[in-house]
Structure formats: structure tokens, C-alpha cells
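Trainee: I have a structure I would like to understand better, so I am pasting it below and will then ask my questions one at a time.
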Amino acid sequence: MKEVKHFYAAMYLRLSREDSDVGTVPATGNAGEKDSLSKAESNSIGSQRELIRSFIREQEDMELFDCYADDNYSGSNFNRPEFKRMMQDIEAGRVNCVIVKDLSRFGRDYIETGRYLDRVFPALGVRFIALTDRYDSVLADAGERNIVLPVKNFINDSYCRDISLKVKSQLAIKRKSGQCLSPFAVYGYQKSPEDKNRLVVDDYAAGIVRRIFEWKIEGMAVSAIAEKLNELHVLSPKEYKKSLGINYRGGFPYCGSAKWSSPSVRRILTNETYLGHLVQGKTERINYKVKKCVEKPKDEWVRVENTHEAVISPDDFYIVQNLLGVDGRVSPEKREASLFMGLLFCGDCKEQMVRRVNRYKETKTIYYICSTKNRGEGCSRHSIEESALKGVVWVAIRQYVNDFLEQERLFALAKEREANLQAVTSYNKEIARLKKEQDRYYSLCAGLYEDLRTGVITKEEFERLHGQFQQKAEELQAAEEKQEEIVREMFKSGVLSAGRLASFKNSLELKEIDRHTLASLVKRIWVYEGKQVEIEFYFTDQYRTMEDFNGTLATDEGFQPALSGNAGGTAQSEMERGA
């Protein structure tokens, strides 16, 4: 660097969140407390400023041009506002000297820090001084430039990487323990005043969430729900947070006042947080130098159940997920959905049925046909009138609800007679079938050893077949455990929630079927040719468990049988086959 008689100095200060966290008071030990606070103070912006100012006062050939302070900015990259402003002044020729407390304040990226000190500053004729590292680019010899300086920069870079790993590890522990790490609570909740990592219900917003789920079950399309919320002047999640004085910065930029939209409604309808569970760790940063995040595979997400109070029941959440998985287009004639929207399917091609209206003079006939046939792509019409379908479905629902409630009554009575969990599990026919099938595959595995020994199969065939049989046995084991979990939950928590049982009973008092009752009880309705209908109900696993147990108990102990027999003709037999 050519000789300069006078230096116009830039005082550069930086403090990152990690540096300030070093000063956190430890839980125990006065000595540790003193040391931590001392280090926090030495790294503070004020301390850096006074140290550099004192140095400049002692220099006869130097004066302070300006102070540039990046508070709460990481040293792992140089994308900092005040650093950029300083570089603009340097390039404009207003600054020819940069002074920092130490090299780590300038930056912790080994490559970028070296580029500035070895290439950029010398090319611009800028003197660089790091006070506590005793480095001055004007006075430094070749050994300091080529050996000491790179080593110190490498150590600073390694420190940043080490801090990043420690922070990631600490956050992972907090996620697994069920602590909410999001800076903002999801709509419907607030951060607890006593514990910022715990969610508590926001009564007003939670009420809106419940209404959104109710509207979806009643058949409203997601877009229609968004329109209705805007018509009612309900503040969107972003605007609601702003109204509470929260400095909310969401990941979905919007100019002006944010309104409800289909994506915002769908995010609420699919968020497991409303079940009382936390699902975190969906994304991660590429590395400690790059802020860009990438999505992680779903099996790597951290899911912890029952971390806070639920807003939506599991039954309603499951029903809504099922409805979201099918087409939710609303009839252009009216904004509300038709009774069977998202529930009616062709029994042969499995595509949805479409609603058609036939008008003749002053009469109107509503019927459904297969959407595949409607597009001219094969299948057959499977035509069925809405009025006939309503009658068949209503009869089937009433019988199913009556049977279910009767099975539930007998199941509860049997439990009062001290039937234990093991007894209920042993009566479950599905579990028995899975056990039998699993034993068969384990027997096949055992037989392979004898076939290998006698030369019936080769070693390669043995390994292939053994792997296939073992995998199938493990799949059956998983299915068996799932069935046992259903029984365990029924035994521990009851067959259904009190609210769902009340809904079952209320449905018997209705004069005709409504959308909410239909969507709450029926998962799918399959229509075959000849107007044959097959209905797939929710809670069929629980029903079968109670049926197995009560039926076996009636045979063994003379217990009162649960059902009186057929009560629905063809529709009933098809219903039972679907369940």
C-alpha cells in the first residue's frame, strides 16, 4: 500500500445474537455469573466503541470519519446493512482505514474475511487494524499476513461452526421435549406469559378456527370459507396479530391489508397444532453460513403429542382431512355445497359422482352420474336420483347409529363387569386373523432352512424368499399393533368422545338427513349399477371390536345379544359389506 499521510477511519462494530448469549447468567455458581457477565460486556457494542475511540484519539495522523455498527448480525456472512454502507464510503474514497476491536468482529467466514483483507482492501488502498489481535496491515510483516492472520481467521470460522452445532443441538432437545420454538403462536393460540415456549388458547381466534372446521364439515368449499370470513370482516391471522400489537412478519408477503384466502384457510384446516400436538423441524438451514432453508422429509419432522390444549376434536380433524382430499367444487347455482359433495363415488371406477339437474316444464329432478362416463372416458352412468339416495342413506345411517349405540352400551356394561383389556383384545377377530397370518409367514421362513439344507432351493433363492417372508411378517406385526392400539384407546378413553356420542344420539331425532350429520358419520358412499349403494362409515374399527367382544361374550356367558338382525334390505347388506 502506498504511503498515506492522513487516515480517515471507519469504526466498525458488530455483535451477533450468539455473542450476546454468551453472557447468559448460568444457573449455579457466582464465579460463573461474574465471568459470563464480564465477557458479555467486553463484546458489547459500547465497549467496542470506547476502545476504538480511545485508540483514534492517540493517533496524530488519524481522524474518525464515521461509526458503523451491526448489532445482532452474525459474522458468518457479510450481508449486513452497516458493513455495506461502510464499503460504499470506502469505494467512494471517503474512508481509507477500517478499525475493529478484533478479527472476529469483522467477520467469522474464513474465505470471505481473507478475500477482504488480502485483496479488496489492498486494492482500494485501505488500512486495516484489529486492536486486540495486534494486527495492522501497514506494520505487519509477511509472517503475520501469510501465517498468523489466516490461522486466526480459521479459528474464528471454526468457532462460528461450533456455535451453530451447539445451537442446533439445543433446539433439537427443546423440540423433542415439546417446547414451541416458533417466534409467533399459530392463529388460535398465544404464547404463555409465564413460558414463551408453551401455547395457550386464544378464546376469540380459537372460536374462529372452530367455525372454519364446522363450515368445512357442512360442505363449504375452502374458497367460500375465505369469502365468508372477509364478508364478516374477520381479521386475517396476520392482521389479527398486528391488532394485538405483535410485530408479526410472516413468510407470505402481502402489500396493504391482508385478507383471508384459500391457502390461509387450508393451512388452518390441515394444522395438527389444533389437536394439541406440536409438529416442528420441518425445515433446516443449508449450513451456518447460508440462511436459506430447505424442507426436510416428513419422517424427520419432530412430532410431540398433547403439548397444549386442543381446539379441534380428533374426530372433526380426521373428517376434514378426508373431505379436503376430494374435489370440493360448489354448484354455480348456490354458494353452499350439495348434500353429497365429496362423499359420493362410483363403485366401479372409484371416481366421484357428479350432480346433474334435469328440468322439464316446472319440475326439477336432481340425480348423480359417474364423472368418468360424464367425460366420455368409459365406465357406465351408475345413475341414481338424489331423492332415492337420501332415503337409502338415511335408513342406513339410522340403523348404523342404533346398532353402534347398542354395541357401545353392551361394551360399557361388560367393562363394568370387570372385563379387562387383555380379554377385549383376545376377542378381536381382526387381531386373531393377523396373528394367524403372521404365524404362517414365520412358518414359511422356518421351512426355508430345511429346503436350503436339502438342496431344494439355492442360497440366493433362500435369501430372496426369506427377506420377502420376513418383510410380510413385519408388516402384519405392525397392523396387529395398530389394531391393539385401537382396542387400548377404546378401553382407556371410551369408545367415542362424549360430544361424538351426543351427536350420534341427536342424529336419531332428525326428521331428515343434513350435511353435518352425513359428513360426520359417512366417509364414502359407493354407487353401483342397479342403484346398489355401499356406505363406508367412520369408526368401523371400534364397531367391529365391540361387535366381536359382545358376540363372544353372549355365547360364553349368556350375555344379551346386541342386534336384532337385518333392518335395511339391500342397502343394509351393502352397508355392512362397506363397513
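Ordering of the C-alpha cells sets the chain letters (A, B, ...), residue numbers begin anew at 1 in every chain, and ligands are numbered from 1 in the order given.
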Could you give me, as a list in words, the residues within 6 Å of range 293-297 of chain A, counting only C-alpha atoms and dropping anything in the same chain fewer than 3 positions from it?

Mentor: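 Surrounding residues, per the criterion: Lys282, Thr283, Glu284, Arg285, Ile286 and Glu300 of chain A.
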
Trainee: Store the residues picked out above, limited to all heavy atoms, as a compact mmCIF listing (two decimals), in the first residue's frame.

Mentor:
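Wrote it out as part-v7.txt, contents follow:
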# COMPACT_ATOMS: atom_id res chain seq x y z
N LYS A 282 -39.62 -28.86 10.39
CA LYS A 282 -39.97 -29.20 9.01
C LYS A 282 -38.93 -28.71 8.01
O LYS A 282 -38.85 -29.22 6.90
CB LYS A 282 -41.34 -28.60 8.65
CG LYS A 282 -42.50 -29.15 9.47
CD LYS A 282 -43.81 -28.54 9.03
CE LYS A 282 -44.97 -29.09 9.83
NZ LYS A 282 -46.26 -28.49 9.40
N THR A 283 -38.16 -27.70 8.39
CA THR A 283 -37.11 -27.17 7.52
C THR A 283 -35.82 -27.03 8.30
O THR A 283 -35.81 -27.07 9.54
CB THR A 283 -37.50 -25.78 6.96
OG1 THR A 283 -37.66 -24.85 8.05
CG2 THR A 283 -38.79 -25.86 6.17
N GLU A 284 -34.73 -26.88 7.59
CA GLU A 284 -33.44 -26.62 8.22
C GLU A 284 -32.58 -25.78 7.29
O GLU A 284 -32.74 -25.82 6.06
CB GLU A 284 -32.72 -27.93 8.56
CG GLU A 284 -32.30 -28.75 7.36
CD GLU A 284 -31.54 -30.00 7.74
OE1 GLU A 284 -31.24 -30.16 8.94
OE2 GLU A 284 -31.26 -30.82 6.84
N ARG A 285 -31.67 -25.01 7.88
CA ARG A 285 -30.76 -24.20 7.08
C ARG A 285 -29.72 -25.08 6.41
O ARG A 285 -29.32 -26.11 6.93
CB ARG A 285 -30.08 -23.15 7.96
CG ARG A 285 -31.02 -22.04 8.40
CD ARG A 285 -30.37 -21.06 9.34
NE ARG A 285 -29.18 -20.44 8.79
CZ ARG A 285 -28.52 -19.44 9.39
NH1 ARG A 285 -28.94 -18.99 10.55
NH2 ARG A 285 -27.45 -18.93 8.83
N ILE A 286 -29.30 -24.66 5.22
CA ILE A 286 -28.32 -25.45 4.46
C ILE A 286 -27.04 -25.62 5.27
O ILE A 286 -26.51 -26.72 5.41
CB ILE A 286 -28.03 -24.77 3.11
CG1 ILE A 286 -29.31 -24.77 2.26
CG2 ILE A 286 -26.89 -25.47 2.39
CD1 ILE A 286 -29.16 -24.04 0.94
N GLU A 300 -38.64 -37.05 9.21
CA GLU A 300 -37.65 -36.40 10.06
C GLU A 300 -38.25 -35.26 10.88
O GLU A 300 -37.55 -34.64 11.67
CB GLU A 300 -36.48 -35.88 9.23
CG GLU A 300 -35.66 -36.98 8.55
CD GLU A 300 -34.47 -36.43 7.78
OE1 GLU A 300 -34.13 -35.24 7.98
OE2 GLU A 300 -33.88 -37.18 6.98

Trainee: Which residues are close to range 232-244 of chain A, i.e. within 7 Å by only C-alpha atoms, leaving aside same-chain residues fewer than 2 positions away? Reply as a PyMOL selection string.

Mentor: chain A and resi 187+228-230+246-248+258-260

Trainee: How about saving the chosen residues, C-alpha atoms kept, as an mmCIF file, in the first residue's frame?

Mentor:
data_model
loop_
_atom_site.group_PDB
_atom_site.id
_atom_site.type_symbol
_atom_site.label_atom_id
_atom_site.label_comp_id
_atom_site.auth_asym_id
_atom_site.auth_seq_id
_atom_site.Cartn_x
_atom_site.Cartn_y
_atom_site.Cartn_z
ATOM 1 C CA TYR A 187 -53.629 -18.451 14.907
ATOM 2 C CA LYS A 228 -67.408 -15.581 4.142
ATOM 3 C CA LEU A 229 -64.731 -14.581 6.663
ATOM 4 C CA ASN A 230 -63.909 -11.488 4.626
ATOM 5 C CA ILE A 246 -47.398 -8.141 17.756
ATOM 6 C CA ASN A 247 -44.624 -7.236 15.312
ATOM 7 C CA TYR A 248 -45.540 -10.148 13.066
ATOM 8 C CA ALA A 258 -54.013 -8.929 4.278
ATOM 9 C CA LYS A 259 -57.319 -10.725 3.656
ATOM 10 C CA TRP A 260 -58.400 -14.303 4.158
#

Trainee: Find the residues near Pro150 in chain A: any atom within 9 Å, counting only C-alpha atoms, skip ones fewer than 6 places away on the same chain, and give them as a list in words.

Mentor: Tyr110, Gly114 and Glu144 of chain A

Trainee: Using only C-alpha atoms, which residue out of A:Arg145, A:Arg105, A:Arg49, A:Arg198 lies closest to Asp157 in chain A?

Mentor: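 Answer, going by the shortest atom-to-atom distance: A:Arg105.
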
Trainee: List the neighbours of His516 in chain A out to 12 Å using only C-alpha atoms; skip same-chain residues closer than 5 positions along the sequence, and give me the result as a ChimeraX atom specification.

Mentor: /A:213-220,316,319-320,337-341,503-504,506-507,510,521-522

Trainee: Mind checking which residues fall within 8 Å of Ser223 in chain A, counting only C-alpha atoms, ignoring those fewer than 3 positions away in the same chain, and posting them as a VMD selection string?

Mentor: chain A and resid 226 to 227 261 to 262

Trainee: Identify which of the residues A:Phe78, A:Glu480, A:Val138, A:Cys97 lies closest to Glu112 in chain A, counting only C-alpha atoms when measuring atom-to-atom distances.

Mentor: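 The shortest atom-to-atom distance to Glu112 in chain A comes from A:Phe78.
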
Trainee: Give me, as a ChimeraX atom specification, all polymer residues having an atom no more than 10 Å from Val311 in chain A, counting only C-alpha atoms and skipping those fewer than 3 positions away in the same chain.

Mentor: /A:188-189,201-203,206-207,209-210,273-276,308,314

Trainee: From a DSSP pass on the backbone, collect the residues of range 217-431 of chain A flagged as strand (DSSP E) and hand them back as a ChimeraX atom specification.

Mentor: /A:278-280,283-287,290-295,302-304,344-346,353-360,363-370,384-385

Trainee: Write out the residues from the selection above, keeping N, CA and C atoms, as a compact mmCIF listing (two decimals), in the first residue's frame.

Mentor:
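Saved to result_20.txt:
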# COMPACT_ATOMS: atom_id res chain seq x y z
N LEU A 278 -47.61 -30.68 18.67
CA LEU A 278 -46.63 -29.80 18.03
C LEU A 278 -45.87 -30.59 16.98
N VAL A 279 -45.82 -30.05 15.77
CA VAL A 279 -45.02 -30.65 14.69
C VAL A 279 -44.02 -29.59 14.26
N GLN A 280 -42.74 -29.82 14.55
CA GLN A 280 -41.70 -28.83 14.29
C GLN A 280 -40.54 -29.48 13.53
N THR A 283 -38.16 -27.70 8.39
CA THR A 283 -37.11 -27.17 7.52
C THR A 283 -35.82 -27.03 8.30
N GLU A 284 -34.73 -26.88 7.59
CA GLU A 284 -33.44 -26.62 8.22
C GLU A 284 -32.58 -25.78 7.29
N ARG A 285 -31.67 -25.01 7.88
CA ARG A 285 -30.76 -24.20 7.08
C ARG A 285 -29.72 -25.08 6.41
N ILE A 286 -29.30 -24.66 5.22
CA ILE A 286 -28.32 -25.45 4.46
C ILE A 286 -27.04 -25.62 5.27
N ASN A 287 -26.51 -24.53 5.81
CA ASN A 287 -25.39 -24.58 6.75
C ASN A 287 -25.34 -23.27 7.51
N VAL A 290 -25.24 -20.01 5.33
CA VAL A 290 -26.32 -19.69 4.39
C VAL A 290 -27.65 -19.72 5.12
N LYS A 291 -28.41 -18.63 5.04
CA LYS A 291 -29.68 -18.55 5.76
C LYS A 291 -30.81 -19.29 5.06
N LYS A 292 -30.63 -19.64 3.79
CA LYS A 292 -31.69 -20.32 3.05
C LYS A 292 -32.03 -21.65 3.70
N CYS A 293 -33.34 -21.93 3.81
CA CYS A 293 -33.80 -23.18 4.42
C CYS A 293 -34.33 -24.13 3.35
N VAL A 294 -34.19 -25.41 3.62
CA VAL A 294 -34.73 -26.45 2.73
C VAL A 294 -35.69 -27.31 3.54
N GLU A 295 -36.67 -27.89 2.86
CA GLU A 295 -37.65 -28.73 3.53
C GLU A 295 -37.04 -30.10 3.85
N VAL A 302 -40.30 -33.45 13.83
CA VAL A 302 -40.40 -33.77 15.26
C VAL A 302 -41.85 -33.53 15.69
N ARG A 303 -42.52 -34.62 16.04
CA ARG A 303 -43.94 -34.54 16.42
C ARG A 303 -44.10 -34.99 17.87
N VAL A 304 -44.62 -34.09 18.70
CA VAL A 304 -44.85 -34.37 20.12
C VAL A 304 -46.33 -34.14 20.41
N LEU A 344 -69.67 -38.98 -2.53
CA LEU A 344 -70.31 -39.93 -3.44
C LEU A 344 -69.35 -40.36 -4.55
N PHE A 345 -69.14 -41.69 -4.69
CA PHE A 345 -68.18 -42.22 -5.65
C PHE A 345 -68.77 -43.38 -6.44
N CYS A 346 -68.27 -43.55 -7.66
CA CYS A 346 -68.64 -44.69 -8.48
C CYS A 346 -68.02 -45.94 -7.88
N MET A 353 -68.88 -39.09 -8.25
CA MET A 353 -70.12 -38.89 -9.00
C MET A 353 -70.33 -37.38 -9.16
N VAL A 354 -70.95 -36.99 -10.25
CA VAL A 354 -71.23 -35.57 -10.49
C VAL A 354 -72.74 -35.33 -10.44
N ARG A 355 -73.10 -34.17 -9.99
CA ARG A 355 -74.50 -33.81 -9.80
C ARG A 355 -75.06 -33.21 -11.09
N ARG A 356 -76.21 -33.67 -11.47
CA ARG A 356 -76.87 -33.15 -12.67
C ARG A 356 -78.33 -32.80 -12.34
N VAL A 357 -78.84 -31.78 -13.01
CA VAL A 357 -80.22 -31.33 -12.79
C VAL A 357 -80.99 -31.43 -14.11
N ASN A 358 -82.09 -32.17 -14.09
CA ASN A 358 -82.94 -32.34 -15.27
C ASN A 358 -84.23 -31.53 -15.08
N ARG A 359 -84.42 -30.53 -15.92
CA ARG A 359 -85.61 -29.67 -15.80
C ARG A 359 -86.57 -29.98 -16.95
N TYR A 360 -87.80 -30.25 -16.58
CA TYR A 360 -88.84 -30.48 -17.57
C TYR A 360 -90.09 -29.73 -17.14
N THR A 363 -90.94 -28.95 -13.37
CA THR A 363 -90.38 -29.94 -12.44
C THR A 363 -88.85 -29.99 -12.59
N LYS A 364 -88.19 -30.35 -11.51
CA LYS A 364 -86.73 -30.42 -11.49
C LYS A 364 -86.32 -31.73 -10.82
N THR A 365 -85.53 -32.51 -11.49
CA THR A 365 -85.05 -33.78 -10.95
C THR A 365 -83.53 -33.72 -10.80
N ILE A 366 -83.06 -34.00 -9.60
CA ILE A 366 -81.61 -34.00 -9.34
C ILE A 366 -81.13 -35.45 -9.28
N TYR A 367 -80.06 -35.73 -10.00
CA TYR A 367 -79.52 -37.08 -9.99
C TYR A 367 -77.99 -37.01 -10.09
N TYR A 368 -77.33 -38.14 -9.87
CA TYR A 368 -75.88 -38.21 -9.93
C TYR A 368 -75.46 -39.28 -10.93
N ILE A 369 -74.38 -39.00 -11.65
CA ILE A 369 -73.83 -39.98 -12.59
C ILE A 369 -72.31 -40.04 -12.41
N CYS A 370 -71.70 -41.09 -12.92
CA CYS A 370 -70.25 -41.28 -12.82
C CYS A 370 -69.52 -40.20 -13.63
N ILE A 384 -78.32 -42.38 -10.29
CA ILE A 384 -79.21 -42.55 -9.14
C ILE A 384 -79.78 -41.18 -8.76
N GLU A 385 -81.09 -41.14 -8.53
CA GLU A 385 -81.74 -39.88 -8.17
C GLU A 385 -81.40 -39.49 -6.73

Trainee: Counting only C-alpha atoms, what is within 7 Å of range 467-478 of chain A, bar same-chain residues fewer than 4 positions away, as a VMD selection string?

Mentor: chain A and resid 434 438 441 to 442 445 463 482

Trainee: Please give the complete set of residues from range 148-185 of chain A that DSSP, run on the backbone, assigns to helix (DSSP H, G or I), formatted as a ChimeraX atom specification.

Mentor: /A:148-176

Trainee: Go ahead and write the selection's residues with C-alpha atoms as an mmCIF file, in the first residue's frame.

Mentor:
data_model
loop_
_atom_site.group_PDB
_atom_site.id
_atom_site.type_symbol
_atom_site.label_atom_id
_atom_site.label_comp_id
_atom_site.auth_asym_id
_atom_site.auth_seq_id
_atom_site.Cartn_x
_atom_site.Cartn_y
_atom_site.Cartn_z
ATOM 1 C CA VAL A 148 -0.814 -15.597 11.764
ATOM 2 C CA LEU A 149 -3.761 -13.809 10.129
ATOM 3 C CA PRO A 150 -5.114 -16.871 8.210
ATOM 4 C CA VAL A 151 -4.813 -19.039 11.334
ATOM 5 C CA LYS A 152 -6.804 -16.559 13.422
ATOM 6 C CA ASN A 153 -9.471 -16.277 10.720
ATOM 7 C CA PHE A 154 -9.710 -20.063 10.547
ATOM 8 C CA ILE A 155 -10.169 -20.245 14.330
ATOM 9 C CA ASN A 156 -12.926 -17.627 14.173
ATOM 10 C CA ASP A 157 -14.655 -19.588 11.403
ATOM 11 C CA SER A 158 -14.403 -22.807 13.439
ATOM 12 C CA TYR A 159 -15.863 -21.022 16.467
ATOM 13 C CA CYS A 160 -18.866 -19.946 14.383
ATOM 14 C CA ARG A 161 -19.381 -23.512 13.140
ATOM 15 C CA ASP A 162 -19.095 -24.862 16.692
ATOM 16 C CA ILE A 163 -21.652 -22.355 17.982
ATOM 17 C CA SER A 164 -24.016 -23.320 15.134
ATOM 18 C CA LEU A 165 -23.792 -27.017 16.039
ATOM 19 C CA LYS A 166 -24.414 -26.285 19.725
ATOM 20 C CA VAL A 167 -27.446 -24.123 18.935
ATOM 21 C CA LYS A 168 -28.884 -26.819 16.621
ATOM 22 C CA SER A 169 -28.393 -29.463 19.289
ATOM 23 C CA GLN A 170 -30.089 -27.327 21.942
ATOM 24 C CA LEU A 171 -33.050 -26.563 19.651
ATOM 25 C CA ALA A 172 -33.432 -30.266 18.818
ATOM 26 C CA ILE A 173 -33.642 -31.110 22.526
ATOM 27 C CA LYS A 174 -36.285 -28.426 23.054
ATOM 28 C CA ARG A 175 -38.366 -29.689 20.113
ATOM 29 C CA LYS A 176 -38.294 -33.272 21.392
#

Trainee: Hey, can you check how far CA of Asp403 in chain A sits from CA of Leu501 in chain A?

Mentor: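 According to the coordinates, CA of Asp403 in chain A and CA of Leu501 in chain A are separated by 12.7 Å.
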
Trainee: Rounded to one decimal place, report the CA of Glu351 in chain A-CA of Lys298 in chain A distance in Å.

Mentor: 28.2 Å

Trainee: Rounded to one decimal in Å, what is the spacing between CA of Gln48 in chain A and CA of Val98 in chain A?

Mentor: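 If I compute the distance from CA of Gln48 in chain A to CA of Val98 in chain A, I get 13.5 Å.
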
Trainee: Looking at only C-alpha atoms, which of A:Arg464, A:Arg440, A:Arg375, A:Lys511 is the one that sits closest to Trp394 in chain A?

Mentor: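 Answer, going by the shortest atom-to-atom distance: A:Lys511.
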